[in-house]
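First comes the structure, then the notes that go with it.
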Amino acid sequence: MFIINAPIADKIELGQNIFLFKIFCPEIANIVEPGQFVNLRIEQSYFPLLRRPFSVCDVSGDYFYILFSPYGRGTKLLSQKAIGDTIDTLGPLGKGFNFTGDYETAVIIAGGLGSAPFPLVTRMIKNKKKIQSFVGGRSKKDVIVYGMENITTATDDGSDGFKGTVVELFESKVDELKKEDIKVFGCGPTPMLKALQNFCIKNNFDCEISTECAMACGFGICQGCPIEPVENNSMYLLVCKDGPVFNAKDVVL
């Protein structure tokens, strides 16, 4: 784990209010694992603004990428930063995806900004496993497919691809997918993850989900990001330290 003032090397607007930052930080880029995150201090002078967690979207040499939309005060301030500005960066943090297992196809389920960790996931496994990516959003502008492969899309309003949720899209394709052994990797809003969790447990699919939660420290000191385990529920897990990636059968959403 490092704390580094890392410079922004490039700033790309992928779509309406969707930003991709390329950050020079060899210390993190060279060791980060898919599904891990960084915790960024956006503005030093605004005391109440805590660090914000961002999935590491991808890596390229000594650079890592983050993908975000400027919805709250912190991300709006981040979106206003320019190439050459530095960001106080803590990371890499958390536990990422586990790619082990006897399966032929990795099925990626991403909702909205839940696409963020999957370019690096795709890069890591595409030469080892087949990949099928299902990507969803409220409408076409919310569907983020950057860095992903073999993509089928879904939108709530039907403006792009399948009309319905991305989990409903997955359910509609499941008979075809069952012809091979699959492992499911999901990230998105909690209601989406809950639906995915229920469907995968019902169908006995091995499934890992990347959860989201407000955080402060990012490494387990503040105890501010609890998540309930299925077993031994008197002892809560922490999203930042025990996750953010969990096996879907192990946590209560």
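If you're wondering about the labels, chains in the structure tokens are A, B, ... by order shown, residues count from 1 in each chain, ligands from 1 in order shown.
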### Message
So that I can see what lies close to Asp142 (chain A), please list as a list in words the residues with an atom at most 9 Å from it, counting only C-alpha atoms and leaving out residues fewer than 6 positions away in the same chain.
### Response
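The filter keeps Gly15, Gln16, Ile18, Gly111, Gly112, Leu113, Gly136 and Thr155 of chain A.
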Got time to write the residues from that selection, N, CA and C atoms, as a PDB file, in the first residue's frame?
ATOM      1  N   GLY A  15     -17.974   9.781 -22.737  1.00  0.00           N
ATOM      2  CA  GLY A  15     -19.359  10.052 -23.100  1.00  0.00           C
ATOM      3  C   GLY A  15     -19.864  11.179 -22.225  1.00  0.00           C
ATOM      4  N   GLN A  16     -21.160  11.379 -22.249  1.00  0.00           N
ATOM      5  CA  GLN A  16     -21.742  12.446 -21.439  1.00  0.00           C
ATOM      6  C   GLN A  16     -21.514  12.167 -19.959  1.00  0.00           C
ATOM      7  N   ILE A  18     -18.918  11.024 -18.409  1.00  0.00           N
ATOM      8  CA  ILE A  18     -18.152   9.816 -18.114  1.00  0.00           C
ATOM      9  C   ILE A  18     -16.680  10.103 -18.417  1.00  0.00           C
ATOM     10  N   GLY A 111     -23.315  -3.135 -14.520  1.00  0.00           N
ATOM     11  CA  GLY A 111     -24.398  -2.167 -14.570  1.00  0.00           C
ATOM     12  C   GLY A 111     -23.887  -0.762 -14.355  1.00  0.00           C
ATOM     13  N   GLY A 112     -24.092   0.123 -15.311  1.00  0.00           N
ATOM     14  CA  GLY A 112     -23.658   1.509 -15.176  1.00  0.00           C
ATOM     15  C   GLY A 112     -22.163   1.624 -14.953  1.00  0.00           C
ATOM     16  N   LEU A 113     -21.795   2.371 -13.912  1.00  0.00           N
ATOM     17  CA  LEU A 113     -20.378   2.535 -13.582  1.00  0.00           C
ATOM     18  C   LEU A 113     -19.754   1.264 -13.030  1.00  0.00           C
ATOM     19  N   GLY A 136     -25.190  -3.169 -18.874  1.00  0.00           N
ATOM     20  CA  GLY A 136     -26.479  -2.498 -18.831  1.00  0.00           C
ATOM     21  C   GLY A 136     -26.418  -1.091 -18.300  1.00  0.00           C
ATOM     22  N   THR A 155     -30.759  -2.034 -21.750  1.00  0.00           N
ATOM     23  CA  THR A 155     -31.144  -0.736 -21.187  1.00  0.00           C
ATOM     24  C   THR A 155     -32.561  -0.821 -20.640  1.00  0.00           C
TER      25      THR A 155
END
Original post:
Using only C-alpha atoms, which residues sit within 10 Å of region 239-250 of chain A once same-chain residues fewer than 3 positions away are excluded, as number ranges by chain?
Top reply: A: 34-37, 39, 53, 55, 93-98, 184-187, 193-194, 196-198, 200-201, 204-221, 223-231, 236, 253
Restrict the selected residues to C-alpha atoms and save them as a compact mmCIF listing (two decimals), in the first residue's frame.
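As a result, part.txt now contains:
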# COMPACT_ATOMS: atom_id res chain seq x y z
CA PRO A 34 -8.22 -6.70 -10.94
CA GLY A 35 -10.98 -5.64 -8.58
CA GLN A 36 -8.75 -3.66 -6.22
CA PHE A 37 -9.26 0.07 -5.74
CA ASN A 39 -8.72 5.88 -2.35
CA PRO A 53 -12.75 5.00 -3.56
CA SER A 55 -11.90 0.87 -8.90
CA LEU A 93 -6.52 -1.50 -1.56
CA GLY A 94 -8.89 -4.38 -0.94
CA LYS A 95 -9.23 -7.87 -2.33
CA GLY A 96 -9.88 -8.35 -6.02
CA PHE A 97 -11.45 -11.05 -8.18
CA ASN A 98 -10.43 -14.68 -7.89
CA VAL A 184 -19.86 -15.03 -13.14
CA PHE A 185 -18.22 -11.71 -12.24
CA GLY A 186 -20.54 -8.82 -11.35
CA CYS A 187 -20.28 -5.16 -10.44
CA LEU A 193 -26.01 -7.27 -7.43
CA LYS A 194 -28.78 -8.60 -5.20
CA LEU A 196 -27.58 -11.36 -9.69
CA GLN A 197 -26.72 -12.99 -6.37
CA ASN A 198 -30.16 -14.57 -6.06
CA CYS A 200 -26.65 -17.33 -9.41
CA ILE A 201 -27.29 -19.07 -6.08
CA ASN A 204 -25.65 -22.97 -8.62
CA PHE A 205 -23.35 -20.65 -10.57
CA ASP A 206 -20.03 -19.66 -9.02
CA CYS A 207 -20.34 -15.88 -8.78
CA GLU A 208 -18.12 -13.09 -7.47
CA ILE A 209 -19.50 -9.61 -6.90
CA SER A 210 -17.70 -6.31 -6.42
CA THR A 211 -19.67 -4.36 -3.82
CA GLU A 212 -19.80 -0.64 -3.28
CA CYS A 213 -19.95 1.35 -0.07
CA ALA A 214 -19.04 4.76 1.30
CA MET A 215 -15.60 4.59 2.87
CA ALA A 216 -13.31 6.79 4.92
CA CYS A 217 -9.92 5.19 5.55
CA GLY A 218 -10.10 2.44 2.91
CA PHE A 219 -8.11 -0.16 4.84
CA GLY A 220 -10.15 -1.21 7.85
CA ILE A 221 -9.23 1.21 10.64
CA GLN A 223 -14.80 0.32 10.56
CA GLY A 224 -17.10 2.47 8.44
CA CYS A 225 -18.02 0.04 5.64
CA PRO A 226 -19.56 -3.09 7.21
CA ILE A 227 -21.22 -5.84 5.24
CA GLU A 228 -23.07 -8.77 6.80
CA PRO A 229 -21.66 -12.26 6.23
CA VAL A 230 -23.99 -15.21 5.66
CA GLU A 231 -22.24 -17.18 8.39
CA TYR A 236 -19.43 -8.04 10.25
CA LEU A 253 -26.81 -7.59 0.36
Would you work out the distance separating CA of Arg138 (chain A) from CA of Val167 (chain A), expressed in Å to one decimal?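 That distance, rounded to one decimal, is 12.7 Å.
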- Would you mind writing down, as a PyMOL selection string, each residue of region 60-216 of chain A that DSSP on the backbone assigns to alpha helix (DSSP H)? chain A and resi 73-79+118-125+166-172+174-177+190-202
| said: So, with only C-alpha atoms as the atoms that count, which of A:Ile8, A:Thr153, A:Ile144, A:Phe19 lies closest to Tyr71 (chain A)? | reply: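 Closest residue, counting only C-alpha atoms: A:Phe19.
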Discussion item. Run DSSP on the backbone and tell me which residues of region 91-204 of chain A come out as strand (DSSP E or B); list them as a ChimeraX atom specification.
Written reply: /A:91-93,95,105-111,130-137,151-155,162-163,182-187
**Prompt:** Interatomic distance between CA of Leu78 (chain A) and CA of Gly147 (chain A)?
**Reply:**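 Computed distance, CA of Leu78 (chain A) to CA of Gly147 (chain A), equals 21.8 Å.
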Worksheet item: Leaving out Met1 (chain A) and any residue of its chain fewer than 3 positions from it, which residues lie within 9 Å of it when counting only C-alpha atoms, given as an NGL selection string?
Response: :A and (27-28 or 90-93)
Residues of the last selection are to be written out with C-alpha atoms, as a tab-separated table (two decimals), in the first residue's frame.
chain	number	residue	atom	x	y	z
A	27	GLU	CA	4.16	1.81	-7.60
A	28	ILE	CA	0.44	1.02	-7.88
A	90	LEU	CA	-3.73	5.67	-1.49
A	91	GLY	CA	-3.57	2.12	-2.85
A	92	PRO	CA	-3.85	-0.49	-4.06
A	93	LEU	CA	-6.52	-1.50	-1.56
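Compared by their closest atoms to Pro117 (chain A), and using only C-alpha atoms, the residues A:Val56, A:Lys130, A:Gly137, A:Thr165 rank with A:Val56 nearest.
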**Message:** I need the residue nearest Leu77 (chain A) from this list: A:Arg41, A:Lys163, A:Lys11, A:Lys141. Use only C-alpha atoms for the distance.
**Reply:**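 That would be A:Arg41, the residue with the smallest distance to Leu77 (chain A).
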The residue from A:Glu171, A:Glu149, A:Glu176, A:Glu13 with the smallest atom-to-atom distance to Phe68 (chain A), counting only C-alpha atoms, is A:Glu13
